[in-house]
Amino acid sequence: MADAQASNASASNPRSNSISQASESSQTAADYIKEQLSLEVEAREALPYQFDTCTRDLGAIRQSLFSCLTCNPPPANLSDPYTPAGLCYSCSISCHGEHTLVELFAKRNFVCDCGTTRLPETSPCSLRPNPKTGLKGDVTGEEAAPGNKYNQNFRNVFCGCQESYDPHQEKGTMFQCLGLGTVEDGGCGEDWWHPECVVGFRREDYKKLIEKPKIDGTGEATESAPKVPNGITKETSFTREENHVDEHPDGRRPSIVTAIVANNGVDGNDIAAEDDDDDPPLPPGFPHEDDFDTFVCYKCVEAFPWMRRYAGTVGFLPPVHFDAALNSLRAEKIDATTIERSNGGSKKRKASDEEEPSDPTPMAPPKRQRSEDPATTLSSIPETMTLPITPKKQDSDACKLSELPPAPVSDVRFSLFMKPDFREHLCHCASCFPLLKPHTQLLEEEENYEPPISEDGEGAPSAGTGSIYDRGEAAFSTMDRARAIQGAMAYAHLKDNLKAFLQPFAESGQAVGAEDIKAYFEKLRGDEKGIKEAAGSAVESSVKKDGGDGSGEGGDQRREQSGY
């Protein structure tokens, strides 16, 4: 009996090498390396551009900006004074990577504020050279560019409704105004707008309008949600995201989610769960997203009233008034006209389909006549022929505004939506060009500055020279020469030893356990003997505590599996 127990005990000792002992979180070296390379690829996809150079030296350019709420927390009251600051793409990562940031997307004529007096000295710029020390980093107290213009977006407040943006709660997309005027001019400063706010809806009212009715057990809508005549309501949620339109980075289009609920026993929750990427309906009066390229909000139109003349002309859509009731009434008229035309067209098609030919014999095609006498044929040709004349190009000095209809006469403010070719239809005469000249976005399409693409930015996994290595190399450039050499030597030594340690596991496919890692670093620190002695003492005390002397006689020989 004792021999059997001893044999069982000896058989249970090598459990440290069994798969059952491996931790649930353990993995092979090959899997670990594959996972790390995959994480590097994901990081390059999220941050495709290099972030080692601040754009401040490039001057005033149109670029993607960020606002740091950690360094510049905005006050709760919008009327309280606030010193906003904008960060370039590189500084938002390298200098404020662990802070709370607000992505503002592209804004024109802006110089990065990182390292200036608009930010506290506790947040220096780590990318620009310090003129005092001659080293890279620790730049603070520089004067901000006087030409920078700011709006409420830097406070994380957007749209005419002045709501704070919460990316975890907000869903759907917002449209960015072309931004003719700054806040000082009475414009919006390239603000982002909710579609319903453009047409005059209050956000709460619009949410109730498109709210999905609650469905009871019988499939009937309850009274808590409003019903529409056709028994269908739509639930809309907005997400703010930037999509390319016609390969132009400035074109933003809505990406909204819709769930349709009909009173036919279908649960709208099931539909929404099946497809969360459907587009919800745009508010009444808001143009279809394919009908326009960009727009100018009613604030900017009011600031520059000469733009009103272009409403409804070539290259421009009709005015979109800031009046929900007016837009709803106009949308109903358009829908009624569309339905009437559709019904009329179907009746005509039906009538033509029901017509039957009086003669069932198909009409034979007309035969081709023989050629007549050439003299007779030539005599039938008129002596004089009228050729189409190419219209004369309009004189550049002539004012196009004189040919346009008068501006809409209304006390209601309105926004202008423009087609892609709207710039071709703006007047450039001697009297109108001075109005366009301050707004370069009206003269030509703007380009956004983009930093250089990171190495291996196409998604190819790196082998030994990933982003972690590059950042470590960048850190060496800021160190003292002696410390940098010592650090490089220590890194190379650790890398070679660690590679030699993991190589057998990778070749055999064996899982690397926590005990293997502990043993390796014990040996690396040189305290392997002391650790083993402590481990032996722990085993002896465990055996005594279980009531045995370790000889296998009397007492249970089973042992608790060691920790990891």
# chains A, B, ... in the order shown; residues from 1 in each chain; ligands from 1
>>> residues_around(residues="A:Phe66", least_positions_apart="2", cutoff="7 Å", atoms="only C-alpha atoms", output="PyMOL selection string")
chain A and resi 68+86-88+92+101-104
>>> residues_around(residues="A:Tyr520", least_positions_apart="4", cutoff="8 Å", atoms="only C-alpha atoms", output="PyMOL selection string")
chain A and resi 501+516+524
>>> residues_around(residues="A:Pro420", least_positions_apart="4", cutoff="10 Å", atoms="only C-alpha atoms", output="list in words")
Asp246, Asp291, Phe292, Asp293, Thr294, Gly315, Phe316, Glu424 and Glu445 of chain A
>>> residues_around(residues="stretch 184-199 of chain A", least_positions_apart="2", cutoff="6 Å", atoms="only C-alpha atoms", output="list in words")
Asn151, Phe158, Cys159, Met174, Phe175, Gln176, Cys177, Leu178, Gly179, Gly181, Thr182, Phe201, Pro283, Lys299, Cys300, Ala303, His321, Phe322, Asp323 and Ala324 of chain A
>>> residues_around(residues="A:Ser126", least_positions_apart="2", cutoff="10 Å", atoms="only C-alpha atoms", output="JSON list (two decimals) with N, CA and C atoms, in the first residue's frame")
[["chain", "number", "residue", "atom", "x", "y", "z"],
["A", 52, "ASP", "N", 7.10, 62.78, -34.61],
["A", 52, "ASP", "CA", 8.37, 63.19, -34.00],
["A", 52, "ASP", "C", 8.74, 64.63, -34.33],
["A", 53, "THR", "N", 7.87, 65.37, -35.04],
["A", 53, "THR", "CA", 8.20, 66.74, -35.44],
["A", 53, "THR", "C", 6.99, 67.64, -35.24],
["A", 54, "CYS", "N", 7.17, 68.72, -34.52],
["A", 54, "CYS", "CA", 6.11, 69.71, -34.33],
["A", 54, "CYS", "C", 5.97, 70.56, -35.60],
["A", 91, "CYS", "N", 2.32, 66.74, -31.49],
["A", 91, "CYS", "CA", 2.36, 67.14, -30.07],
["A", 91, "CYS", "C", 1.23, 66.50, -29.28],
["A", 94, "SER", "N", 2.99, 62.95, -28.69],
["A", 94, "SER", "CA", 4.28, 62.91, -28.00],
["A", 94, "SER", "C", 4.29, 63.72, -26.70],
["A", 95, "CYS", "N", 3.56, 64.83, -26.67],
["A", 95, "CYS", "CA", 3.59, 65.70, -25.50],
["A", 95, "CYS", "C", 2.35, 65.58, -24.61],
["A", 96, "HIS", "N", 1.21, 65.14, -25.19],
["A", 96, "HIS", "CA", -0.04, 65.07, -24.42],
["A", 96, "HIS", "C", -0.72, 63.72, -24.62],
["A", 114, "CYS", "N", 1.69, 74.31, -28.70],
["A", 114, "CYS", "CA", 2.43, 73.54, -27.70],
["A", 114, "CYS", "C", 3.73, 74.25, -27.34],
["A", 115, "GLY", "N", 4.00, 74.34, -26.05],
["A", 115, "GLY", "CA", 5.22, 75.00, -25.59],
["A", 115, "GLY", "C", 5.12, 76.51, -25.53],
["A", 123, "SER", "N", 3.64, 71.49, -18.90],
["A", 123, "SER", "CA", 3.42, 70.70, -20.11],
["A", 123, "SER", "C", 4.29, 71.27, -21.24],
["A", 124, "PRO", "N", 5.58, 71.01, -21.19],
["A", 124, "PRO", "CA", 6.47, 71.56, -22.22],
["A", 124, "PRO", "C", 6.35, 70.77, -23.52],
["A", 128, "ARG", "N", 10.38, 70.17, -30.05],
["A", 128, "ARG", "CA", 11.17, 71.28, -30.61],
["A", 128, "ARG", "C", 12.46, 71.45, -29.81],
["A", 129, "PRO", "N", 13.51, 71.97, -30.45],
["A", 129, "PRO", "CA", 14.77, 72.21, -29.72],
["A", 129, "PRO", "C", 14.65, 73.41, -28.79],
["A", 130, "ASN", "N", 15.24, 73.27, -27.64],
["A", 130, "ASN", "CA", 15.24, 74.34, -26.65],
["A", 130, "ASN", "C", 16.37, 75.31, -26.96],
["A", 135, "LEU", "N", 19.28, 71.46, -26.53],
["A", 135, "LEU", "CA", 18.81, 70.08, -26.61],
["A", 135, "LEU", "C", 17.35, 70.05, -27.03],
["A", 136, "LYS", "N", 16.91, 68.92, -27.45],
["A", 136, "LYS", "CA", 15.53, 68.75, -27.89],
["A", 136, "LYS", "C", 14.63, 68.55, -26.68],
["A", 137, "GLY", "N", 13.51, 69.29, -26.65],
["A", 137, "GLY", "CA", 12.54, 69.11, -25.59],
["A", 137, "GLY", "C", 12.60, 70.18, -24.52],
["A", 138, "ASP", "N", 11.62, 70.13, -23.60],
["A", 138, "ASP", "CA", 11.52, 71.05, -22.47],
["A", 138, "ASP", "C", 11.39, 72.50, -22.93],
["A", 139, "VAL", "N", 10.51, 72.70, -23.92],
["A", 139, "VAL", "CA", 10.29, 74.05, -24.46],
["A", 139, "VAL", "C", 9.01, 74.60, -23.84],
["A", 140, "THR", "N", 9.10, 75.74, -23.17],
["A", 140, "THR", "CA", 7.94, 76.40, -22.58],
["A", 140, "THR", "C", 8.10, 77.90, -22.72],
["A", 478, "THR", "N", 18.08, 62.20, -26.38],
["A", 478, "THR", "CA", 17.94, 63.24, -25.35],
["A", 478, "THR", "C", 18.80, 62.95, -24.12]]
>>> closest_residue(among="A:Leu282, A:Ala492, A:Leu326, A:Lys34", to="A:Thr173", atoms="only C-alpha atoms")
A:Leu282
